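Participant: Sharing coords.cif below, mmCIF, C-alpha atoms:
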data_model
#
loop_
_atom_site.group_PDB
_atom_site.id
_atom_site.type_symbol
_atom_site.label_atom_id
_atom_site.label_comp_id
_atom_site.auth_asym_id
_atom_site.auth_seq_id
_atom_site.Cartn_x
_atom_site.Cartn_y
_atom_site.Cartn_z
ATOM 1 C CA MET S 6 -18.434 -9.485 -1.873
ATOM 2 C CA ILE S 7 -15.835 -7.158 -3.291
ATOM 3 C CA ASP S 8 -12.270 -7.668 -2.086
ATOM 4 C CA LEU S 9 -10.608 -4.300 -1.910
ATOM 5 C CA LEU S 10 -7.162 -3.043 -1.000
ATOM 6 C CA VAL S 11 -7.117 0.385 0.618
ATOM 7 C CA CYS S 12 -3.767 2.191 0.512
ATOM 8 C CA TYR S 13 -3.767 5.392 2.529
ATOM 9 C CA ASP S 14 -0.672 7.528 2.209
ATOM 10 C CA VAL S 15 -0.377 10.247 4.804
ATOM 11 C CA ALA S 16 2.451 12.078 6.515
ATOM 12 C CA THR S 17 2.490 10.686 10.036
ATOM 13 C CA THR S 18 4.974 13.325 11.080
ATOM 14 C CA THR S 19 2.062 15.575 12.033
ATOM 15 C CA GLU S 20 -0.543 14.915 14.704
ATOM 16 C CA GLY S 21 -3.264 15.657 12.150
ATOM 17 C CA GLY S 22 -1.888 13.018 9.800
ATOM 18 C CA ARG S 23 -1.649 10.429 12.558
ATOM 19 C CA ARG S 24 -5.219 11.215 13.588
ATOM 20 C CA ARG S 25 -6.497 10.791 10.024
ATOM 21 C CA LEU S 26 -4.670 7.464 9.703
ATOM 22 C CA ARG S 27 -6.258 6.265 12.948
ATOM 23 C CA ARG S 28 -9.688 7.227 11.629
ATOM 24 C CA VAL S 29 -9.043 5.465 8.303
ATOM 25 C CA ALA S 30 -7.883 2.375 10.204
ATOM 26 C CA LYS S 31 -11.052 2.335 12.272
ATOM 27 C CA VAL S 32 -13.249 2.596 9.169
ATOM 28 C CA CYS S 33 -11.327 -0.120 7.284
ATOM 29 C CA VAL S 34 -10.873 -2.593 10.126
ATOM 30 C CA ALA S 35 -14.645 -2.706 10.493
ATOM 31 C CA HIS S 36 -14.622 -4.520 7.123
ATOM 32 C CA GLY S 37 -11.343 -6.383 7.198
ATOM 33 C CA GLN S 38 -7.819 -6.245 8.470
ATOM 34 C CA ARG S 39 -4.829 -3.966 8.640
ATOM 35 C CA VAL S 40 -1.991 -5.678 6.810
ATOM 36 C CA GLN S 41 0.535 -2.846 6.901
ATOM 37 C CA ASN S 42 0.668 0.466 8.688
ATOM 38 C CA SER S 43 -1.330 2.196 5.948
ATOM 39 C CA VAL S 44 -2.640 -0.738 3.899
ATOM 40 C CA PHE S 45 -5.920 -2.525 4.565
ATOM 41 C CA GLU S 46 -7.636 -5.543 3.009
ATOM 42 C CA VAL S 47 -11.403 -5.261 3.213
ATOM 43 C CA SER S 48 -14.388 -7.210 1.907
ATOM 44 C CA VAL S 49 -17.519 -5.223 1.227
ATOM 45 C CA THR S 50 -20.835 -5.418 -0.559
ATOM 46 C CA ASP S 51 -21.671 -2.880 -3.265
ATOM 47 C CA THR S 52 -23.641 -0.870 -0.735
ATOM 48 C CA GLN S 53 -20.893 -1.022 1.888
ATOM 49 C CA LEU S 54 -18.398 0.125 -0.734
ATOM 50 C CA LEU S 55 -20.415 3.295 -1.294
ATOM 51 C CA THR S 56 -20.420 4.031 2.434
ATOM 52 C CA LEU S 57 -16.766 3.109 2.904
ATOM 53 C CA ARG S 58 -15.660 5.304 -0.003
ATOM 54 C CA GLN S 59 -17.639 8.254 1.343
ATOM 55 C CA LYS S 60 -16.224 7.844 4.843
ATOM 56 C CA LEU S 61 -12.681 7.724 3.474
ATOM 57 C CA LEU S 62 -13.265 10.825 1.360
ATOM 58 C CA ASP S 63 -14.653 12.623 4.404
ATOM 59 C CA ILE S 64 -11.429 11.882 6.297
ATOM 60 C CA LEU S 65 -9.058 12.637 3.397
ATOM 61 C CA ASP S 66 -7.073 15.844 3.354
ATOM 62 C CA PRO S 67 -6.779 16.085 -0.445
ATOM 63 C CA THR S 68 -3.727 18.314 -0.369
ATOM 64 C CA GLU S 69 -1.773 16.094 2.037
ATOM 65 C CA ASP S 70 -3.024 12.537 1.651
ATOM 66 C CA SER S 71 -3.507 9.974 -1.088
ATOM 67 C CA ILE S 72 -6.054 7.159 -1.095
ATOM 68 C CA ARG S 73 -5.931 4.366 -3.633
ATOM 69 C CA LEU S 74 -8.527 1.599 -3.802
ATOM 70 C CA TYR S 75 -7.667 -1.550 -5.749
ATOM 71 C CA ARG S 76 -10.238 -4.218 -6.520
ATOM 72 C CA LEU S 77 -8.410 -7.450 -5.838
ATOM 73 C CA ARG S 78 -8.547 -10.662 -7.774
ATOM 74 C CA GLN S 79 -10.392 -13.510 -6.146
ATOM 75 C CA PRO S 80 -9.693 -15.703 -4.358
ATOM 76 C CA ARG S 81 -7.488 -13.070 -2.800
ATOM 77 C CA ASP S 82 -5.161 -15.551 -1.125
ATOM 78 C CA SER S 83 -4.078 -16.850 -4.533
ATOM 79 C CA PHE S 84 -2.897 -13.449 -5.713
ATOM 80 C CA VAL S 85 -0.966 -12.082 -2.775
ATOM 81 C CA GLU S 86 2.490 -12.872 -1.459
ATOM 82 C CA ALA S 87 3.676 -11.603 1.908
ATOM 83 C CA TYR S 88 7.215 -11.478 3.299
ATOM 84 C CA GLY S 89 8.852 -10.140 6.401
ATOM 85 C CA ARG S 90 7.242 -8.944 9.555
ATOM 86 C CA ASP S 91 4.070 -10.758 10.470
ATOM 87 C CA GLN S 92 0.970 -9.142 9.080
ATOM 88 C CA TYR S 93 -0.710 -9.394 12.446
ATOM 89 C CA VAL S 94 1.809 -7.113 14.066
ATOM 90 C CA ASN S 95 0.338 -4.978 16.811
ATOM 91 C CA PHE S 96 0.483 -1.551 15.232
ATOM 92 C CA SER S 97 1.580 1.105 17.626
ATOM 93 C CA ASP S 98 -1.187 3.519 16.744
ATOM 94 C CA PRO S 99 -4.123 2.799 18.984
ATOM 95 C CA LEU S 100 -7.370 2.573 17.080
ATOM 96 C CA ILE S 101 -9.235 4.608 19.686
ATOM 97 C CA LEU S 102 -10.058 8.111 18.449
ATOM 98 C CA MET D 348 2.829 -8.875 -18.621
ATOM 99 C CA ILE D 349 1.931 -9.206 -14.959
ATOM 100 C CA ASP D 350 0.581 -6.097 -13.266
ATOM 101 C CA LEU D 351 1.769 -6.107 -9.703
ATOM 102 C CA LEU D 352 1.292 -3.858 -6.708
ATOM 103 C CA VAL D 353 4.275 -3.739 -4.357
ATOM 104 C CA CYS D 354 3.515 -2.475 -0.838
ATOM 105 C CA TYR D 355 6.637 -2.019 1.245
ATOM 106 C CA ASP D 356 6.064 -1.160 4.883
ATOM 107 C CA VAL D 357 9.134 0.068 6.697
ATOM 108 C CA ALA D 358 9.819 2.372 9.611
ATOM 109 C CA THR D 359 11.250 5.502 8.019
ATOM 110 C CA THR D 360 12.166 6.847 11.431
ATOM 111 C CA THR D 361 15.557 5.158 11.105
ATOM 112 C CA GLU D 362 18.231 5.885 8.519
ATOM 113 C CA GLY D 363 18.423 2.165 7.746
ATOM 114 C CA GLY D 364 14.694 2.054 7.026
ATOM 115 C CA ARG D 365 14.848 5.108 4.791
ATOM 116 C CA ARG D 366 17.779 3.576 2.908
ATOM 117 C CA ARG D 367 15.917 0.300 2.364
ATOM 118 C CA LEU D 368 12.877 2.191 1.083
ATOM 119 C CA ARG D 369 15.077 4.111 -1.366
ATOM 120 C CA ARG D 370 16.543 0.842 -2.617
ATOM 121 C CA VAL D 371 13.079 -0.718 -3.000
ATOM 122 C CA ALA D 372 11.927 2.383 -4.876
ATOM 123 C CA LYS D 373 14.841 2.144 -7.263
ATOM 124 C CA VAL D 374 14.149 -1.530 -7.985
ATOM 125 C CA CYS D 375 10.408 -0.969 -8.496
ATOM 126 C CA VAL D 376 10.567 2.245 -10.515
ATOM 127 C CA ALA D 377 12.676 0.392 -13.067
ATOM 128 C CA HIS D 378 9.475 -1.533 -13.889
ATOM 129 C CA GLY D 379 6.767 1.016 -13.213
ATOM 130 C CA GLN D 380 5.857 3.939 -11.048
ATOM 131 C CA ARG D 381 5.735 5.024 -7.462
ATOM 132 C CA VAL D 382 2.123 5.844 -6.636
ATOM 133 C CA GLN D 383 2.509 6.424 -2.906
ATOM 134 C CA ASN D 384 5.466 6.759 -0.618
ATOM 135 C CA SER D 385 5.744 2.996 -0.149
ATOM 136 C CA VAL D 386 3.423 1.659 -2.865
ATOM 137 C CA PHE D 387 4.511 0.874 -6.417
ATOM 138 C CA GLU D 388 2.677 -0.293 -9.531
ATOM 139 C CA VAL D 389 4.892 -2.394 -11.751
ATOM 140 C CA SER D 390 4.481 -4.443 -14.921
ATOM 141 C CA VAL D 391 6.792 -7.402 -15.313
ATOM 142 C CA THR D 392 7.243 -10.576 -17.291
ATOM 143 C CA ASP D 393 7.400 -13.918 -15.489
ATOM 144 C CA THR D 394 11.181 -13.803 -15.644
ATOM 145 C CA GLN D 395 11.358 -10.213 -14.429
ATOM 146 C CA LEU D 396 9.064 -11.123 -11.542
ATOM 147 C CA LEU D 397 11.550 -13.735 -10.361
ATOM 148 C CA THR D 398 14.351 -11.165 -10.414
ATOM 149 C CA LEU D 399 12.240 -8.432 -8.836
ATOM 150 C CA ARG D 400 11.088 -10.696 -6.016
ATOM 151 C CA GLN D 401 14.642 -11.777 -5.277
ATOM 152 C CA LYS D 402 15.918 -8.198 -5.240
ATOM 153 C CA LEU D 403 13.153 -7.169 -2.845
ATOM 154 C CA LEU D 404 13.884 -10.103 -0.547
ATOM 155 C CA ASP D 405 17.580 -9.190 -0.584
ATOM 156 C CA ILE D 406 16.703 -5.679 0.619
ATOM 157 C CA LEU D 407 14.068 -6.750 3.164
ATOM 158 C CA ASP D 408 14.859 -6.706 6.854
ATOM 159 C CA PRO D 409 12.423 -9.467 7.825
ATOM 160 C CA THR D 410 12.171 -8.391 11.444
ATOM 161 C CA GLU D 411 11.441 -4.737 10.647
ATOM 162 C CA ASP D 412 9.789 -4.573 7.233
ATOM 163 C CA SER D 413 6.827 -6.076 5.443
ATOM 164 C CA ILE D 414 6.510 -6.613 1.695
ATOM 165 C CA ARG D 415 3.222 -7.545 0.087
ATOM 166 C CA LEU D 416 2.866 -8.256 -3.633
ATOM 167 C CA TYR D 417 -0.612 -8.204 -5.154
ATOM 168 C CA ARG D 418 -1.308 -9.399 -8.675
ATOM 169 C CA LEU D 419 -3.669 -6.785 -10.037
ATOM 170 C CA ARG D 420 -6.684 -7.257 -12.227
ATOM 171 C CA GLN D 421 -6.331 -6.168 -15.814
ATOM 172 C CA PRO D 422 -6.802 -3.702 -17.303
ATOM 173 C CA ARG D 423 -5.426 -2.131 -14.156
ATOM 174 C CA ASP D 424 -6.994 1.263 -14.807
ATOM 175 C CA SER D 425 -10.469 -0.244 -14.546
ATOM 176 C CA PHE D 426 -9.874 -1.574 -11.053
ATOM 177 C CA VAL D 427 -8.204 1.285 -9.262
ATOM 178 C CA GLU D 428 -9.578 4.516 -7.867
ATOM 179 C CA ALA D 429 -7.309 7.324 -6.691
ATOM 180 C CA TYR D 430 -8.171 10.353 -4.568
ATOM 181 C CA GLY D 431 -6.277 13.191 -3.014
ATOM 182 C CA ARG D 432 -2.734 14.237 -3.633
ATOM 183 C CA ASP D 433 -1.554 13.694 -7.165
ATOM 184 C CA GLN D 434 0.059 10.343 -7.713
ATOM 185 C CA TYR D 435 2.925 11.972 -9.532
ATOM 186 C CA VAL D 436 3.997 13.901 -6.463
ATOM 187 C CA ASN D 437 7.717 14.432 -6.251
ATOM 188 C CA PHE D 438 8.605 12.241 -3.304
ATOM 189 C CA SER D 439 11.084 13.808 -0.990
ATOM 190 C CA ASP D 440 13.333 10.782 -0.792
ATOM 191 C CA PRO D 441 15.868 11.008 -3.567
ATOM 192 C CA LEU D 442 16.184 7.796 -5.512
ATOM 193 C CA ILE D 443 19.963 8.013 -5.632
ATOM 194 C CA LEU D 444 21.617 5.450 -3.368
#
Represent the supplied structure as structure tokens.
Facilitator:
Amino acid sequence: MIDLLVCYDVATTTEGGRRRLRRVAKVCVAHGQRVQNSVFEVSVTDTQLLTLRQKLLDILDPTEDSIRLYRLRQPRDSFVEAYGRDQYVNFSDPLIL
Amino acid sequence: MIDLLVCYDVATTTEGGRRRLRRVAKVCVAHGQRVQNSVFEVSVTDTQLLTLRQKLLDILDPTEDSIRLYRLRQPRDSFVEAYGRDQYVNFSDPLIL
């Protein structure tokens, strides 16, 4: 499995931006967890990565948004440090589209 | 050098949150670049990492914000994909405190 960090930068000051972030969240959470409002840790196979990337690119507004995908070092838990608000916070954006 | 991704999640709907994000940006940009509004790629030595971590924790409001530090795989360029808005966008938040 490939451990991947998905960082999706979008202006949530517009309804369109909020909607795109909700769609990105739905796609990513199917393969992992939301760790910040616009950051997701996912684990995918090579084939799933192809599908995930395509879905993200279909959602992306290339003039407004930025997506960055980082392949994480494994085991992931050894290479991440987290501080502050609990990662399992209940994000206010509902994931229903 | 350690390649590190700093993800700083903060509510920018408050002036306090925006101020903390500006301070985090200033600390991180000293060691790298801002690639999204709240995501930074930095390169630090072991000693600089200690200082950077402490500065970030001094800024953090642990009830409101979340900081995640990921040690990136090297060479970093081989393990990151970027789409959409140019990473060198001129972020609207001035970095002056």
Participant: Just say which residues the PyMOL selection byres ((chain S) within 9 of (chain D)) picks in this file, as a PyMOL selection string.
Facilitator: chain S and resi 12-15+40-44+62+65-78+81+83-92
Participant: What is the atom CA of S:Asp51 to atom CA of S:Gln38 distance in Å?
Facilitator: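 For atom CA of S:Asp51 relative to atom CA of S:Gln38, the distance reads 18.5 Å.
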Participant: Apply the PyMOL selection byres ((chain S and resi 60) around 12) to the file shown and report the selected residues as a PyMOL selection string.
Facilitator: chain S and resi 25+28-33+53-59+61-65+72
Participant: Present chain D as a PDB file with C-alpha atoms, in the coordinates of the input, least-squares fitted onto chain S over all of its C-alpha atoms paired in order.
Facilitator:
ATOM      1  CA  MET D 348     -18.435  -9.496  -1.878  1.00  0.00           C
ATOM      2  CA  ILE D 349     -15.823  -7.148  -3.289  1.00  0.00           C
ATOM      3  CA  ASP D 350     -12.268  -7.661  -2.085  1.00  0.00           C
ATOM      4  CA  LEU D 351     -10.606  -4.298  -1.906  1.00  0.00           C
ATOM      5  CA  LEU D 352      -7.159  -3.051  -1.000  1.00  0.00           C
ATOM      6  CA  VAL D 353      -7.120   0.387   0.618  1.00  0.00           C
ATOM      7  CA  CYS D 354      -3.757   2.186   0.517  1.00  0.00           C
ATOM      8  CA  TYR D 355      -3.767   5.393   2.520  1.00  0.00           C
ATOM      9  CA  ASP D 356      -0.656   7.521   2.216  1.00  0.00           C
ATOM     10  CA  VAL D 357      -0.370  10.244   4.809  1.00  0.00           C
ATOM     11  CA  ALA D 358       2.460  12.077   6.512  1.00  0.00           C
ATOM     12  CA  THR D 359       2.500  10.680  10.037  1.00  0.00           C
ATOM     13  CA  THR D 360       4.981  13.333  11.085  1.00  0.00           C
ATOM     14  CA  THR D 361       2.064  15.580  12.034  1.00  0.00           C
ATOM     15  CA  GLU D 362      -0.545  14.930  14.705  1.00  0.00           C
ATOM     16  CA  GLY D 363      -3.268  15.671  12.153  1.00  0.00           C
ATOM     17  CA  GLY D 364      -1.877  13.029   9.803  1.00  0.00           C
ATOM     18  CA  ARG D 365      -1.636  10.442  12.558  1.00  0.00           C
ATOM     19  CA  ARG D 366      -5.222  11.204  13.581  1.00  0.00           C
ATOM     20  CA  ARG D 367      -6.489  10.795  10.014  1.00  0.00           C
ATOM     21  CA  LEU D 368      -4.664   7.474   9.700  1.00  0.00           C
ATOM     22  CA  ARG D 369      -6.259   6.267  12.944  1.00  0.00           C
ATOM     23  CA  ARG D 370      -9.684   7.231  11.622  1.00  0.00           C
ATOM     24  CA  VAL D 371      -9.043   5.467   8.297  1.00  0.00           C
ATOM     25  CA  ALA D 372      -7.875   2.385  10.195  1.00  0.00           C
ATOM     26  CA  LYS D 373     -11.034   2.337  12.261  1.00  0.00           C
ATOM     27  CA  VAL D 374     -13.244   2.595   9.171  1.00  0.00           C
ATOM     28  CA  CYS D 375     -11.328  -0.115   7.285  1.00  0.00           C
ATOM     29  CA  VAL D 376     -10.860  -2.590  10.129  1.00  0.00           C
ATOM     30  CA  ALA D 377     -14.635  -2.697  10.493  1.00  0.00           C
ATOM     31  CA  HIS D 378     -14.619  -4.522   7.132  1.00  0.00           C
ATOM     32  CA  GLY D 379     -11.337  -6.395   7.210  1.00  0.00           C
ATOM     33  CA  GLN D 380      -7.812  -6.241   8.480  1.00  0.00           C
ATOM     34  CA  ARG D 381      -4.836  -3.967   8.642  1.00  0.00           C
ATOM     35  CA  VAL D 382      -1.984  -5.682   6.818  1.00  0.00           C
ATOM     36  CA  GLN D 383       0.534  -2.845   6.902  1.00  0.00           C
ATOM     37  CA  ASN D 384       0.670   0.461   8.675  1.00  0.00           C
ATOM     38  CA  SER D 385      -1.328   2.199   5.946  1.00  0.00           C
ATOM     39  CA  VAL D 386      -2.638  -0.738   3.894  1.00  0.00           C
ATOM     40  CA  PHE D 387      -5.916  -2.530   4.570  1.00  0.00           C
ATOM     41  CA  GLU D 388      -7.633  -5.543   3.021  1.00  0.00           C
ATOM     42  CA  VAL D 389     -11.392  -5.259   3.212  1.00  0.00           C
ATOM     43  CA  SER D 390     -14.381  -7.211   1.917  1.00  0.00           C
ATOM     44  CA  VAL D 391     -17.512  -5.218   1.231  1.00  0.00           C
ATOM     45  CA  THR D 392     -20.825  -5.413  -0.551  1.00  0.00           C
ATOM     46  CA  ASP D 393     -21.668  -2.879  -3.254  1.00  0.00           C
ATOM     47  CA  THR D 394     -23.642  -0.867  -0.727  1.00  0.00           C
ATOM     48  CA  GLN D 395     -20.901  -1.021   1.891  1.00  0.00           C
ATOM     49  CA  LEU D 396     -18.399   0.132  -0.723  1.00  0.00           C
ATOM     50  CA  LEU D 397     -20.416   3.296  -1.289  1.00  0.00           C
ATOM     51  CA  THR D 398     -20.417   4.023   2.442  1.00  0.00           C
ATOM     52  CA  LEU D 399     -16.759   3.110   2.896  1.00  0.00           C
ATOM     53  CA  ARG D 400     -15.662   5.309   0.003  1.00  0.00           C
ATOM     54  CA  GLN D 401     -17.633   8.253   1.342  1.00  0.00           C
ATOM     55  CA  LYS D 402     -16.216   7.845   4.844  1.00  0.00           C
ATOM     56  CA  LEU D 403     -12.676   7.728   3.466  1.00  0.00           C
ATOM     57  CA  LEU D 404     -13.263  10.831   1.357  1.00  0.00           C
ATOM     58  CA  ASP D 405     -14.661  12.623   4.411  1.00  0.00           C
ATOM     59  CA  ILE D 406     -11.432  11.881   6.299  1.00  0.00           C
ATOM     60  CA  LEU D 407      -9.065  12.635   3.400  1.00  0.00           C
ATOM     61  CA  ASP D 408      -7.088  15.849   3.346  1.00  0.00           C
ATOM     62  CA  PRO D 409      -6.798  16.083  -0.444  1.00  0.00           C
ATOM     63  CA  THR D 410      -3.739  18.310  -0.377  1.00  0.00           C
ATOM     64  CA  GLU D 411      -1.781  16.102   2.034  1.00  0.00           C
ATOM     65  CA  ASP D 412      -3.021  12.534   1.650  1.00  0.00           C
ATOM     66  CA  SER D 413      -3.505   9.981  -1.085  1.00  0.00           C
ATOM     67  CA  ILE D 414      -6.045   7.156  -1.089  1.00  0.00           C
ATOM     68  CA  ARG D 415      -5.918   4.366  -3.633  1.00  0.00           C
ATOM     69  CA  LEU D 416      -8.520   1.596  -3.797  1.00  0.00           C
ATOM     70  CA  TYR D 417      -7.677  -1.557  -5.736  1.00  0.00           C
ATOM     71  CA  ARG D 418     -10.254  -4.215  -6.514  1.00  0.00           C
ATOM     72  CA  LEU D 419      -8.416  -7.443  -5.837  1.00  0.00           C
ATOM     73  CA  ARG D 420      -8.538 -10.664  -7.766  1.00  0.00           C
ATOM     74  CA  GLN D 421     -10.388 -13.514  -6.145  1.00  0.00           C
ATOM     75  CA  PRO D 422      -9.686 -15.707  -4.351  1.00  0.00           C
ATOM     76  CA  ARG D 423      -7.481 -13.064  -2.796  1.00  0.00           C
ATOM     77  CA  ASP D 424      -5.149 -15.558  -1.140  1.00  0.00           C
ATOM     78  CA  SER D 425      -4.061 -16.861  -4.536  1.00  0.00           C
ATOM     79  CA  PHE D 426      -2.895 -13.460  -5.718  1.00  0.00           C
ATOM     80  CA  VAL D 427      -0.971 -12.088  -2.788  1.00  0.00           C
ATOM     81  CA  GLU D 428       2.476 -12.878  -1.459  1.00  0.00           C
ATOM     82  CA  ALA D 429       3.671 -11.609   1.914  1.00  0.00           C
ATOM     83  CA  TYR D 430       7.205 -11.493   3.301  1.00  0.00           C
ATOM     84  CA  GLY D 431       8.851 -10.164   6.396  1.00  0.00           C
ATOM     85  CA  ARG D 432       7.235  -8.941   9.546  1.00  0.00           C
ATOM     86  CA  ASP D 433       4.061 -10.744  10.459  1.00  0.00           C
ATOM     87  CA  GLN D 434       0.963  -9.141   9.057  1.00  0.00           C
ATOM     88  CA  TYR D 435      -0.738  -9.398  12.406  1.00  0.00           C
ATOM     89  CA  VAL D 436       1.778  -7.104  14.049  1.00  0.00           C
ATOM     90  CA  ASN D 437       0.307  -4.986  16.791  1.00  0.00           C
ATOM     91  CA  PHE D 438       0.480  -1.547  15.236  1.00  0.00           C
ATOM     92  CA  SER D 439       1.584   1.103  17.627  1.00  0.00           C
ATOM     93  CA  ASP D 440      -1.177   3.526  16.756  1.00  0.00           C
ATOM     94  CA  PRO D 441      -4.123   2.817  18.992  1.00  0.00           C
ATOM     95  CA  LEU D 442      -7.368   2.582  17.090  1.00  0.00           C
ATOM     96  CA  ILE D 443      -9.260   4.586  19.687  1.00  0.00           C
ATOM     97  CA  LEU D 444     -10.130   8.071  18.452  1.00  0.00           C
TER      98      LEU D 444
END
Participant: Provide the atom CA of S:Thr17 to atom CA of D:Thr359 distance in Å, to one decimal place.
Facilitator: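 Interatomic distance, atom CA of S:Thr17 to atom CA of D:Thr359: 10.4 Å.
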Participant: Report the residues retrieved by the PyMOL selection byres ((chain D and resi 391) around 7) from the displayed file, expressed as a CSV table (one decimal) with C-alpha atoms, keeping the file's coordinate frame.
Facilitator:
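Result file is out_13.csv:
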chain,number,residue,atom,x,y,z
D,348,MET,CA,2.8,-8.9,-18.6
D,349,ILE,CA,1.9,-9.2,-15.0
D,350,ASP,CA,0.6,-6.1,-13.3
D,378,HIS,CA,9.5,-1.5,-13.9
D,389,VAL,CA,4.9,-2.4,-11.8
D,390,SER,CA,4.5,-4.4,-14.9
D,392,THR,CA,7.2,-10.6,-17.3
D,393,ASP,CA,7.4,-13.9,-15.5
D,395,GLN,CA,11.4,-10.2,-14.4
D,396,LEU,CA,9.1,-11.1,-11.5
Participant: Distance atom CA of D:Arg366-atom CA of D:Arg381, one decimal place?
Facilitator: 16.0 Å
Participant: For stretch 356-364 of chain D, take all atoms listed in the file, fit an axis-aligned box around them, add 3 Å to each of the six sides, then output centre and edge lengths in Å rounded to one decimal, as JSON.
Facilitator:
{"center_x": 12.2, "center_y": 2.8, "center_z": 8.2, "size_x": 18.4, "size_y": 14.0, "size_z": 12.5}
